[in-house]
$ cat protein32.txt   # compact mmCIF, C-alpha atoms
# COMPACT_ATOMS: atom_id res chain seq x y z
CA PHE M 1126 125.79 50.57 120.89
CA LEU M 1127 123.25 50.39 118.09
CA LEU M 1128 123.64 51.11 114.41
CA GLY M 1129 121.83 54.42 114.31
CA THR M 1130 122.64 56.00 110.96
CA LEU M 1131 121.93 55.21 107.35
CA GLN M 1132 124.20 55.89 104.42
CA VAL M 1133 122.44 57.66 101.55
CA ALA M 1134 123.49 56.06 98.28
CA PHE M 1135 126.31 57.90 96.53
CA SER M 1136 126.03 61.02 98.71
CA GLY M 1137 128.42 60.08 101.50
CA THR M 1138 126.15 61.95 103.91
CA PRO M 1139 125.05 60.01 107.00
CA VAL M 1140 121.34 60.37 107.73
CA PRO M 1141 119.89 59.41 111.13
CA ALA M 1142 117.33 56.65 111.00
CA LYS M 1143 113.86 57.71 112.11
CA ARG M 1144 113.08 56.85 115.72
CA TYR M 1145 109.72 55.65 117.01
CA THR M 1146 108.13 54.54 120.26
CA VAL M 1147 106.11 51.33 120.36
CA ASN M 1148 103.80 51.34 123.37
CA LEU M 1149 103.61 47.77 124.66
CA ASP M 1150 100.67 48.74 126.87
CA LEU M 1151 98.48 49.10 123.76
CA PRO M 1152 96.62 46.16 122.21
CA ALA M 1153 99.11 44.26 120.03
CA GLN M 1154 97.30 45.15 116.80
CA ASP M 1155 97.70 48.89 117.46
CA ARG M 1156 101.36 49.03 118.51
CA PHE M 1157 103.00 49.56 115.11
CA HIS M 1158 100.25 51.71 113.58
CA ASP M 1159 102.18 54.99 113.30
CA VAL M 1160 105.33 53.34 111.99
CA ALA M 1161 103.44 51.31 109.39
CA VAL M 1162 101.49 54.33 108.15
CA ASP M 1163 104.68 56.40 107.74
CA TYR M 1164 106.50 53.64 105.85
CA ALA M 1165 103.61 52.17 103.85
CA ASP M 1166 105.01 52.92 100.38
CA ASP M 1167 108.54 51.89 101.27
CA LEU M 1168 107.28 48.67 102.86
CA LYS M 1169 105.42 47.79 99.65
CA ALA M 1170 108.60 48.38 97.63
CA PHE M 1171 110.62 46.28 100.06
CA VAL M 1172 108.29 43.30 99.82
CA LYS M 1173 108.05 43.59 96.03
CA ASP M 1174 111.83 43.32 95.74
CA LEU M 1175 111.96 40.49 98.27
CA GLN M 1176 109.45 38.49 96.26
CA GLN M 1177 111.78 38.59 93.27
CA ILE M 1178 114.62 36.74 94.98
CA VAL M 1179 112.84 33.98 96.88
CA PRO M 1180 111.68 30.68 95.34
CA PRO M 1181 107.97 30.49 94.44
CA GLU M 1182 107.62 27.65 96.93
CA VAL M 1183 108.41 30.08 99.73
CA ILE M 1184 105.54 32.34 98.70
CA ASP M 1185 103.22 29.32 98.82
CA VAL M 1186 104.34 28.51 102.38
CA VAL M 1187 103.94 32.13 103.45
CA ASP M 1188 100.41 32.25 102.03
CA VAL M 1189 99.50 29.17 104.10
CA ILE M 1190 100.87 30.86 107.23
CA ALA M 1191 99.00 34.10 106.55
CA ALA M 1192 95.70 32.28 105.95
CA SER M 1193 95.72 31.09 109.58
CA VAL M 1194 98.28 33.40 111.13
CA ASP M 1195 97.14 32.84 114.73
CA LYS M 1196 97.77 29.12 114.32
CA HIS M 1197 101.30 29.46 112.99
CA ILE M 1198 102.60 32.59 114.73
CA ARG M 1199 102.23 32.98 118.47
CA ALA M 1200 100.95 35.98 120.38
CA PRO M 1201 101.55 38.85 120.41
CA TYR M 1202 103.41 38.70 117.11
CA ALA M 1203 100.50 37.46 114.98
CA SER M 1204 98.31 40.39 116.06
CA GLU M 1205 101.18 42.86 115.57
CA MET M 1206 101.63 41.61 112.00
CA VAL M 1207 97.90 41.97 111.36
CA GLY M 1208 98.12 45.54 112.64
CA VAL M 1209 101.02 46.36 110.31
CA SER M 1210 99.07 44.89 107.39
CA LEU M 1211 95.98 46.98 108.11
CA ALA M 1212 97.84 50.23 108.83
CA ALA M 1213 100.11 50.04 105.78
CA GLY M 1214 97.52 48.63 103.40
CA VAL M 1215 99.79 45.67 102.67
CA PRO M 1216 98.51 42.08 102.31
CA LEU M 1217 99.13 40.05 105.45
CA GLY M 1218 101.10 37.51 103.42
CA ASP M 1219 103.54 40.26 102.45
CA VAL M 1220 104.00 41.25 106.10
CA VAL M 1221 104.65 37.62 107.05
CA LEU M 1222 107.19 37.43 104.22
CA ALA M 1223 108.98 40.52 105.56
CA ASN M 1224 109.13 38.95 109.02
CA LEU M 1225 110.80 35.84 107.58
CA LEU M 1226 113.38 37.90 105.68
CA TYR M 1227 116.38 36.41 107.46
CA GLU M 1228 115.08 32.84 107.30
CA ILE M 1229 114.00 32.75 103.67
CA THR M 1230 117.25 34.27 102.42
CA ALA M 1231 119.36 31.77 104.38
CA PHE M 1232 120.13 29.42 101.53
CA SER M 1233 123.00 29.06 99.09
CA HIS M 1234 121.49 31.04 96.23
CA SER M 1235 120.40 34.00 98.33
CA PRO M 1236 121.96 37.46 98.01
CA SER M 1237 125.36 37.72 99.63
CA LYS M 1238 125.08 38.17 103.39
CA VAL M 1239 128.34 38.58 105.28
CA CYS M 1240 127.20 39.98 108.60
CA THR M 1241 129.83 40.93 111.16
CA SER M 1242 129.59 42.03 114.78
CA ILE M 1243 132.44 43.62 116.71
CA VAL M 1244 132.67 44.23 120.45
CA ALA M 1245 135.50 46.49 121.57
CA GLU M 1246 136.57 48.15 124.81
CA VAL M 1247 138.41 51.47 124.68
CA VAL M 1248 140.97 52.73 127.18
CA ASN M 1249 138.42 54.47 129.43
CA GLY M 1250 136.44 51.25 129.84
CA THR M 1251 133.58 52.12 127.46
CA ILE M 1252 132.38 49.09 125.51
CA TYR M 1253 131.12 49.48 121.95
CA HIS M 1254 129.07 46.86 120.14
CA GLY M 1255 128.85 47.53 116.40
CA ARG M 1256 127.45 45.51 113.53
CA ASN M 1257 126.87 45.44 109.82
CA LEU M 1258 123.97 43.60 108.20
CA ASP M 1259 125.01 42.93 104.63
CA TYR M 1260 122.74 42.14 101.73
CA GLY M 1261 124.05 42.04 98.18
CA THR M 1262 120.81 43.27 96.62
CA PHE M 1263 117.78 45.46 97.40
CA THR M 1264 119.93 47.57 99.72
CA GLY M 1265 118.09 50.71 98.61
CA VAL M 1266 114.70 49.50 99.82
CA LEU M 1267 116.18 48.11 103.03
CA ARG M 1268 117.76 51.49 103.70
CA ASN M 1269 114.37 53.10 103.23
CA VAL M 1270 112.63 50.85 105.77
CA THR M 1271 115.26 51.08 108.52
CA ALA M 1272 114.14 52.60 111.81
CA ILE M 1273 115.06 52.69 115.49
CA VAL M 1274 112.27 51.61 117.82
CA ASP M 1275 112.03 52.15 121.58
CA TYR M 1276 109.70 49.57 123.13
CA GLN M 1277 108.08 51.06 126.22
CA GLN M 1278 105.90 49.92 129.12
CA GLY M 1279 104.53 52.34 131.66
CA GLY M 1280 106.37 55.14 129.87
CA GLU M 1281 109.78 53.49 130.36
CA THR M 1282 111.94 52.03 127.61
CA VAL M 1283 112.40 48.33 128.29
CA TYR M 1284 114.43 47.61 125.14
CA THR M 1285 115.42 49.27 121.88
CA GLY M 1286 116.06 47.87 118.42
CA THR M 1287 117.27 48.88 114.99
CA THR M 1288 114.96 47.12 112.58
CA PHE M 1289 113.31 47.03 109.17
CA VAL M 1290 109.75 48.38 109.26
CA GLY M 1291 107.29 45.54 108.75
CA MET M 1292 109.36 43.18 110.89
CA VAL M 1293 107.99 42.93 114.42
CA GLY M 1294 111.06 40.99 115.53
CA LEU M 1295 114.58 42.34 115.97
CA LEU M 1296 117.97 41.45 114.49
CA THR M 1297 119.75 44.15 116.54
CA GLY M 1298 118.71 45.11 120.06
CA GLN M 1299 119.72 46.67 123.35
CA LYS M 1300 118.33 46.20 126.85
CA PRO M 1301 119.12 49.24 129.04
CA TYR M 1302 121.78 48.43 131.65
CA GLY M 1303 121.62 44.80 130.54
CA TYR M 1304 123.13 43.73 127.25
CA THR M 1305 123.11 44.19 123.48
CA ILE M 1306 122.36 41.56 120.83
CA THR M 1307 123.29 41.32 117.16
CA LEU M 1308 122.63 38.37 114.87
CA ASP M 1309 125.12 37.04 112.33
CA GLU M 1310 123.76 34.31 110.10
CA ARG M 1311 125.39 30.95 109.48
CA ASP M 1312 123.72 28.69 106.92
CA GLN M 1313 122.97 25.06 107.70
CA GLY M 1314 120.54 22.69 106.00
CA ASP M 1315 118.01 23.21 103.21
CA TRP M 1316 115.86 26.34 103.44
CA TRP M 1317 112.60 24.48 102.91
CA MET M 1318 113.24 21.91 105.63
CA ASN M 1319 114.46 24.59 108.02
CA LEU M 1320 111.38 26.70 107.35
CA ILE M 1321 108.93 23.86 107.88
CA GLU M 1322 110.67 22.63 111.04
CA GLY M 1323 111.11 26.14 112.39
CA LEU M 1324 107.43 26.98 112.03
CA ALA M 1325 106.21 23.68 113.47
CA ASP M 1326 106.40 24.97 117.05
CA GLY M 1327 104.82 28.39 116.67
CA THR M 1328 107.75 30.25 115.05
CA ASP M 1329 110.14 29.52 117.92
CA GLY M 1330 112.82 29.09 115.25
CA VAL M 1331 112.46 32.60 113.80
CA ALA M 1332 115.61 34.38 114.98
CA SER M 1333 114.20 37.91 115.07
CA LEU M 1334 111.27 36.87 117.27
CA MET M 1335 113.52 34.86 119.57
CA ILE M 1336 115.81 37.88 120.01
CA ARG M 1337 112.84 40.10 120.83
CA ASP M 1338 111.61 37.48 123.32
CA THR M 1339 115.01 37.60 124.99
CA LEU M 1340 115.09 41.39 125.21
CA ALA M 1341 111.53 41.48 126.55
CA GLY M 1342 112.17 38.83 129.18
CA ASN M 1343 113.62 39.19 132.63
CA TYR M 1344 116.90 37.48 131.74
CA THR M 1345 120.29 38.00 133.31
CA PHE M 1346 123.19 38.29 130.90
CA GLU M 1347 124.12 34.65 131.50
CA ALA M 1348 120.55 33.43 131.02
CA ALA M 1349 120.24 35.45 127.80
CA VAL M 1350 123.44 33.90 126.46
CA ASP M 1351 122.09 30.43 127.29
CA LYS M 1352 118.77 31.11 125.54
CA LEU M 1353 120.45 32.53 122.45
CA ALA M 1354 123.00 29.73 122.26
CA TYR M 1355 120.69 26.76 122.64
CA THR M 1356 117.45 27.72 120.86
CA ALA M 1357 117.23 25.90 117.51
CA LEU M 1358 116.86 28.42 114.68
CA ILE M 1359 115.77 28.25 111.05
CA ALA M 1360 118.77 30.29 109.85
$ encode --input "protein32.txt" --output "structure tokens"
Amino acid sequence: FLLGTLQVAFSGTPVPAKRYTVNLDLPAQDRFHDVAVDYADDLKAFVKDLQQIVPPEVIDVVDVIAASVDKHIRAPYASEMVGVSLAAGVPLGDVVLANLLYEITAFSHSPSKVCTSIVAEVVNGTIYHGRNLDYGTFTGVLRNVTAIVDYQQGGETVYTGTTFVGMVGLLTGQKPYGYTITLDERDQGDWWMNLIEGLADGTDGVASLMIRDTLAGNYTFEAAVDKLAYTALIA
């Protein structure tokens, strides 16, 4: 069960998030073109606000990554980020920053994040998996870049995620007839050491990319749990 609605500030009226299809049969650079074009202005506002709350040293690290993105971010994610940058007219460094949202805000002075996931079974046997993803600031711009994406191959949906446009990874995902995944952050260690160590092995430590890897792979439920439990993460 995915979070599929947005709450418009002060109105109390739920508004469905926009839904898109990402065709995984396309070249990686072209997959997010339509989404990035539609959200270009909102993505720029999102990154502008994000830049205000992260230490300047983080921006320096991100700029190094963007300068040689293929070296630091593995395929196909590097090419997908380049495609978002070109389609939205946003500097590649800003797209990389958006993709490290969860990691770079995982330190003690970051905005409040008290994520919670709940799994419940009702009397007829239906299982619901709900989540919140709490940020204490820039909630308006995050609301404006939230979308549901169906990732398809051969015309079939292989997994679905609720995500922030600009991020090619997923913090919330569902594999049809398989399992659902939500991420709740727990801080450990200094952000700068975590970031450097996490990027040393081709962004294996970026949680959103690891979750997308899991959803895209041919994992059983038990194998997915094992991968998620024992992969070292930045956040």
$ closest_residue --input "protein32.txt" --among "M:Ser1242, M:Thr1146, M:Thr1345, M:Asn1269" --to "Val1290 in chain M" --atoms "all atoms listed in the file"
M:Asn1269
$ closest_atom_pairs --input "protein32.txt" --of "range 1272-1317 of chain M" --to "range 1210-1221 of chain M" --cutoff "10 Å" --atoms "all atoms listed in the file" --output "tab-separated table"
residue	atom	partner	partner_atom	distance
M:Val1290	CA	M:Val1220	CA	9.7
M:Gly1291	CA	M:Val1220	CA	6.0
M:Met1292	CA	M:Val1220	CA	7.4
M:Val1293	CA	M:Val1220	CA	9.4
$ closest_residue --input "protein32.txt" --among "M:Phe1289, M:Gly1342, M:Ala1161, M:Gly1294" --to "Val1270 in chain M" --atoms "only C-alpha atoms"
M:Phe1289
$ atom_distance --input "protein32.txt" --atom1 "CA of Gly1286 in chain M" --atom2 "CA of Asp1159 in chain M"
16.4 Å
$ atom_distance --input "protein32.txt" --atom1 "CA of Glu1310 in chain M" --atom2 "CA of Asp1259 in chain M"
10.3 Å
$ atom_distance --input "protein32.txt" --atom1 "CA of Gly1250 in chain M" --atom2 "CA of Thr1285 in chain M"
22.6 Å
$ closest_residue --input "protein32.txt" --among "M:Gln1299, M:Val1244, M:Tyr1260, M:Ala1349" --to "Val1274 in chain M" --atoms "all atoms listed in the file"
M:Gln1299
$ closest_residue --input "protein32.txt" --among "M:Ala1170, M:Gly1265, M:Gly1330, M:Met1335" --to "Ala1357 in chain M" --atoms "only C-alpha atoms"
M:Gly1330
$ residues_near_point --input "protein32.txt" --point "(110.2, 38.4, 94.0)" --cutoff "12 Å" --atoms "all atoms listed in the file" --output "NGL selection string"
:M and (1169-1184 or 1219 or 1222-1223 or 1229-1230 or 1235 or 1262-1263)
$ decode --input "protein32.txt" --residues "range 1198-1223 of chain M" --atoms "N, CA, C and O atoms" --output "mmCIF file, in the first residue's frame"
data_model
loop_
_atom_site.group_PDB
_atom_site.id
_atom_site.type_symbol
_atom_site.label_atom_id
_atom_site.label_comp_id
_atom_site.auth_asym_id
_atom_site.auth_seq_id
_atom_site.Cartn_x
_atom_site.Cartn_y
_atom_site.Cartn_z
ATOM 1 N N ILE M 1198 28.992 7.390 -9.483
ATOM 2 C CA ILE M 1198 27.636 6.835 -9.414
ATOM 3 C C ILE M 1198 27.502 5.787 -10.509
ATOM 4 O O ILE M 1198 27.743 6.065 -11.685
ATOM 5 N N ARG M 1199 27.107 4.596 -10.135
ATOM 6 C CA ARG M 1199 27.114 3.486 -11.086
ATOM 7 C C ARG M 1199 25.933 3.558 -12.051
ATOM 8 O O ARG M 1199 24.938 4.238 -11.807
ATOM 9 N N ALA M 1200 26.046 2.809 -13.125
ATOM 10 C CA ALA M 1200 24.977 2.702 -14.112
ATOM 11 C C ALA M 1200 23.827 1.887 -13.501
ATOM 12 O O ALA M 1200 24.040 1.004 -12.678
ATOM 13 N N PRO M 1201 22.596 2.209 -13.922
ATOM 14 C CA PRO M 1201 22.210 3.226 -14.896
ATOM 15 C C PRO M 1201 21.933 4.584 -14.266
ATOM 16 O O PRO M 1201 21.490 5.513 -14.947
ATOM 17 N N TYR M 1202 22.197 4.690 -12.951
ATOM 18 C CA TYR M 1202 21.736 5.871 -12.224
ATOM 19 C C TYR M 1202 22.447 7.152 -12.650
ATOM 20 O O TYR M 1202 21.836 8.226 -12.686
ATOM 21 N N ALA M 1203 23.738 7.055 -12.979
ATOM 22 C CA ALA M 1203 24.453 8.254 -13.423
ATOM 23 C C ALA M 1203 23.813 8.828 -14.680
ATOM 24 O O ALA M 1203 23.554 10.036 -14.766
ATOM 25 N N SER M 1204 23.520 7.969 -15.660
ATOM 26 C CA SER M 1204 22.909 8.444 -16.905
ATOM 27 C C SER M 1204 21.500 8.966 -16.673
ATOM 28 O O SER M 1204 21.064 9.936 -17.309
ATOM 29 N N GLU M 1205 20.753 8.340 -15.769
ATOM 30 C CA GLU M 1205 19.408 8.835 -15.456
ATOM 31 C C GLU M 1205 19.475 10.227 -14.846
ATOM 32 O O GLU M 1205 18.662 11.103 -15.176
ATOM 33 N N MET M 1206 20.445 10.466 -13.974
ATOM 34 C CA MET M 1206 20.604 11.799 -13.380
ATOM 35 C C MET M 1206 20.989 12.823 -14.433
ATOM 36 O O MET M 1206 20.493 13.959 -14.417
ATOM 37 N N VAL M 1207 21.856 12.449 -15.355
ATOM 38 C CA VAL M 1207 22.211 13.353 -16.456
ATOM 39 C C VAL M 1207 20.964 13.700 -17.266
ATOM 40 O O VAL M 1207 20.743 14.853 -17.639
ATOM 41 N N GLY M 1208 20.126 12.706 -17.531
ATOM 42 C CA GLY M 1208 18.900 12.950 -18.282
ATOM 43 C C GLY M 1208 17.957 13.902 -17.575
ATOM 44 O O GLY M 1208 17.355 14.781 -18.202
ATOM 45 N N VAL M 1209 17.811 13.745 -16.252
ATOM 46 C CA VAL M 1209 16.977 14.676 -15.475
ATOM 47 C C VAL M 1209 17.532 16.083 -15.573
ATOM 48 O O VAL M 1209 16.790 17.055 -15.764
ATOM 49 N N SER M 1210 18.849 16.210 -15.448
ATOM 50 C CA SER M 1210 19.502 17.522 -15.523
ATOM 51 C C SER M 1210 19.218 18.208 -16.853
ATOM 52 O O SER M 1210 18.837 19.390 -16.898
ATOM 53 N N LEU M 1211 19.368 17.476 -17.943
ATOM 54 C CA LEU M 1211 19.168 18.060 -19.273
ATOM 55 C C LEU M 1211 17.699 18.408 -19.515
ATOM 56 O O LEU M 1211 17.383 19.474 -20.047
ATOM 57 N N ALA M 1212 16.788 17.514 -19.125
ATOM 58 C CA ALA M 1212 15.369 17.727 -19.399
ATOM 59 C C ALA M 1212 14.796 18.871 -18.579
ATOM 60 O O ALA M 1212 13.956 19.642 -19.054
ATOM 61 N N ALA M 1213 15.241 19.002 -17.322
ATOM 62 C CA ALA M 1213 14.701 20.032 -16.438
ATOM 63 C C ALA M 1213 15.464 21.340 -16.519
ATOM 64 O O ALA M 1213 15.005 22.358 -15.986
ATOM 65 N N GLY M 1214 16.624 21.327 -17.177
ATOM 66 C CA GLY M 1214 17.435 22.539 -17.225
ATOM 67 C C GLY M 1214 18.024 22.883 -15.871
ATOM 68 O O GLY M 1214 18.157 24.060 -15.508
ATOM 69 N N VAL M 1215 18.390 21.847 -15.118
ATOM 70 C CA VAL M 1215 18.936 21.998 -13.770
ATOM 71 C C VAL M 1215 20.380 21.514 -13.778
ATOM 72 O O VAL M 1215 20.673 20.479 -14.383
ATOM 73 N N PRO M 1216 21.306 22.240 -13.157
ATOM 74 C CA PRO M 1216 22.693 21.768 -13.125
ATOM 75 C C PRO M 1216 22.789 20.356 -12.569
ATOM 76 O O PRO M 1216 22.048 19.985 -11.648
ATOM 77 N N LEU M 1217 23.705 19.565 -13.119
ATOM 78 C CA LEU M 1217 23.838 18.182 -12.695
ATOM 79 C C LEU M 1217 24.153 18.086 -11.205
ATOM 80 O O LEU M 1217 23.678 17.181 -10.515
ATOM 81 N N GLY M 1218 24.936 19.027 -10.695
ATOM 82 C CA GLY M 1218 25.240 19.027 -9.266
ATOM 83 C C GLY M 1218 23.987 19.139 -8.418
ATOM 84 O O GLY M 1218 23.889 18.517 -7.354
ATOM 85 N N ASP M 1219 23.007 19.910 -8.874
ATOM 86 C CA ASP M 1219 21.751 20.046 -8.144
ATOM 87 C C ASP M 1219 20.963 18.742 -8.159
ATOM 88 O O ASP M 1219 20.301 18.388 -7.180
ATOM 89 N N VAL M 1220 21.010 18.022 -9.278
ATOM 90 C CA VAL M 1220 20.317 16.730 -9.361
ATOM 91 C C VAL M 1220 20.985 15.716 -8.435
ATOM 92 O O VAL M 1220 20.306 14.954 -7.735
ATOM 93 N N VAL M 1221 22.318 15.698 -8.420
ATOM 94 C CA VAL M 1221 23.029 14.809 -7.500
ATOM 95 C C VAL M 1221 22.660 15.139 -6.061
ATOM 96 O O VAL M 1221 22.420 14.246 -5.237
ATOM 97 N N LEU M 1222 22.587 16.424 -5.742
ATOM 98 C CA LEU M 1222 22.204 16.858 -4.396
ATOM 99 C C LEU M 1222 20.828 16.322 -4.029
ATOM 100 O O LEU M 1222 20.624 15.799 -2.925
ATOM 101 N N ALA M 1223 19.874 16.418 -4.952
ATOM 102 C CA ALA M 1223 18.523 15.917 -4.695
ATOM 103 C C ALA M 1223 18.540 14.419 -4.436
ATOM 104 O O ALA M 1223 17.788 13.913 -3.589
#
